[in-house]
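Participant: I'd like to ask you about the structure that follows.
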Amino acid sequence: MASPRKNRRSVIALSGVAVLSLGLAACSSGSSTTATTSAAGGGADCAAYKAYGDLKGKTVTVYTSIVAPEDASHKESYKPFEQCTGATIKYEGSKEFEAQLPVRVKGGNAPDIAYIPQPGLLNTLVSTTGKVVKAPQLVSDNVDKYFGKDWKAYGTVGGTFYAAPLGANVKSFVWYSPKTFKAKGYTVPKTWDEMMTLTDKIVADDSKAKPWCVGFGSGDATGWPGTDWLEDVMLRTAGPEKYDAWVAHKIPFNDPSVVSALAKVGTIVKNPKYVGDVKAIATTTFQDAGLPIVTDGSCYMHRQASFYAANWPKGTKVAEDGDVWAFYLPATDPAAGKPVLGGGEFVAAFADRPEVAAFQAFLASPEWANAKAKATTGGGWVSANKELKIDNLTSPMDKLSAGILQDPKAVFRFDGSDLMPGAVGAGSFWKEMTNWVASDKSDADVLNAIEASWK
């Protein structure tokens, strides 16, 4: 699932010089550090924005699931565009976004722009409404230049590119206490085998604690942390191509490659020596599961996404030399690349007016990525934009995540359950991963049940 759970048409017809000018703006790269406004919303350097043209009196509506207080940094990041073009960005956040967006689109009340949190929802909107506008060529060019091919693919439906990526998160992390590791003489593992050797050493060294903290609980979404475990390992053991085939159901859910991946997850998650009471995993929330790392030391490592940084108790220093930090979940074969599981949002448009196209191009540019980084003073946001200046990020965890996303060796894949049909990804997959630990359901029975649900 994407962080706690768990669209467009023909190329716009901007007139003559405007098309050329917008192209220059969309393709600008070196200006990213000078064409942004201050976090306090001061005057912007408008050099890179002149090419968008005069949009005075024009309004672009934006609808998202991001509400207060997290919406403040988004609104702040639009100020350079507003100041330099004269356009007004009207922002609306709603906790009912995913339920209301399809209703609004079908009812003729669609926003100009929507931030789509899952590629599966984008696919649904494209296929069921016919109202999503194909991304303008200029937006496509920006994505080609500033993002990896993986990201463009997730904004593509039926061979047509609709949605540029916006924010991102990295899920392939293991949280730990640097202080505890130093006191015990432990080093951060660089390979899967080293991680398992460390796991066994913790068992031998500390009879009062367990190497791993695990919790699958998440209210109505219980089970999604288990799907993330399987996805992360599937990506590492089977490779990106087989992962893609599995997510798209081009191979069955109980394919031998999935059987092997689940068995590997089970060597950790279903081993009482490593996790304690296996059945308790189903009722332990993912939020609470990792806290013992900094409270009572009863567990050492917690596989969880970058967004878990906001979950630690107030006053916890999240840094490499702090109370808690995270390391990259090692690959099983480092020579095969650096698999990265994650999630993110995508920018869908429901109108093809010039000002909408200009704002889309801006959101896919280095100018916006860096403005957003500066505006997010409390941390908790990153982008996969290759021109994002890591020093503009304030949080050490955000900087770590951005470094992984920009690593040339990184092979990014989106959270699998978010790409699967809802009845599977947010249904049987969650349910059966919960049964796997709660009632010790066998690997075969779990995978067969999920396969049977995929109609």
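Naming works like this for the structure tokens: A, B, ... for the chains as they're shown, residue 1 at the start of each chain, ligands 1 onward in shown order.
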Go through segment 306-367 of chain A and flag each residue having an atom no more than 9 Å from segment 72-87 of chain A; for those, report the closest pair of atoms plus their distance in Å to one decimal, using only C-alpha atoms, ordered by chain and rising number, as CSV.
Facilitator:
residue,atom,partner,partner_atom,distance
A:Glu355,CA,A:Ala87,CA,7.6
A:Phe359,CA,A:Phe81,CA,7.8
A:Phe362,CA,A:Phe81,CA,7.6
A:Leu363,CA,A:Tyr78,CA,8.9
A:Glu367,CA,A:Pro80,CA,8.8
Participant: List every residue of segment 232-351 of chain A that has an atom at most 9 Å from any atom of segment 131-134 of chain A, and for each one report the closest atom pair and its distance in Å to one decimal, counting only C-alpha atoms, with rows sorted by chain and then by increasing residue number, as CSV.
Facilitator:
residue,atom,partner,partner_atom,distance
A:Ala348,CA,A:Val132,CA,6.8
A:Ala349,CA,A:Val133,CA,5.5
A:Phe350,CA,A:Val132,CA,5.0
A:Ala351,CA,A:Val133,CA,6.4
Participant: Write a file of the just-selected residues containing N, CA and C atoms, as a PDB file, in the first residue's frame.
Facilitator:
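As a result, part-v1.pdb now contains:
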ATOM      1  N   ALA A 348      -2.915  14.171 -12.523  1.00  0.00           N
ATOM      2  CA  ALA A 348      -3.872  13.942 -13.603  1.00  0.00           C
ATOM      3  C   ALA A 348      -4.603  15.237 -13.917  1.00  0.00           C
ATOM      4  N   ALA A 349      -4.893  15.464 -15.193  1.00  0.00           N
ATOM      5  CA  ALA A 349      -5.614  16.670 -15.602  1.00  0.00           C
ATOM      6  C   ALA A 349      -6.952  16.289 -16.230  1.00  0.00           C
ATOM      7  N   PHE A 350      -7.936  17.141 -16.011  1.00  0.00           N
ATOM      8  CA  PHE A 350      -9.265  16.937 -16.578  1.00  0.00           C
ATOM      9  C   PHE A 350      -9.671  18.127 -17.449  1.00  0.00           C
ATOM     10  N   ALA A 351      -8.678  18.958 -17.783  1.00  0.00           N
ATOM     11  CA  ALA A 351      -8.904  20.104 -18.663  1.00  0.00           C
ATOM     12  C   ALA A 351      -7.624  20.335 -19.457  1.00  0.00           C
TER      13      ALA A 351
END
Participant: Residues of segment 252-330 of chain A that have any atom at most 8 Å from an atom of segment 394-411 of chain A: could you tabulate them with the shortest-distance atom pair and the distance in Å to one decimal, using only C-alpha atoms, ordered by chain and increasing number, as a tab-separated table?
Facilitator:
residue	atom	partner	partner_atom	distance
A:Ser306	CA	A:Met397	CA	7.0
A:Ala309	CA	A:Met397	CA	7.2
A:Val318	CA	A:Met397	CA	7.3
A:Ala319	CA	A:Pro396	CA	6.0
A:Trp325	CA	A:Met397	CA	7.9
Participant: Write to file, as a PDB file, in the first residue's frame, the residues of the selection just made, with C-alpha atoms.
Facilitator:
ATOM      1  CA  SER A 306      10.379   6.255   5.017  1.00  0.00           C
ATOM      2  CA  ALA A 309       9.970   8.704  10.500  1.00  0.00           C
ATOM      3  CA  VAL A 318      16.037  10.600  13.632  1.00  0.00           C
ATOM      4  CA  ALA A 319      19.538  10.690  12.188  1.00  0.00           C
ATOM      5  CA  TRP A 325      17.865   5.636  11.827  1.00  0.00           C
TER       6      TRP A 325
END
Participant: Given the choices A:Glu320, A:Asp141, A:Asp415, A:Asp112, which gets closest to Lys179 of chain A if the distance is worked out from only C-alpha atoms?
Facilitator: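 For Lys179 of chain A, the nearest of the candidates is A:Glu320.
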Participant: Can you work out which one of A:Ala426, A:Ala114, A:Ala163, A:Val437 has the shortest atom-to-atom distance to Ile450 of chain A, counting only C-alpha atoms?
Facilitator: A:Ala426
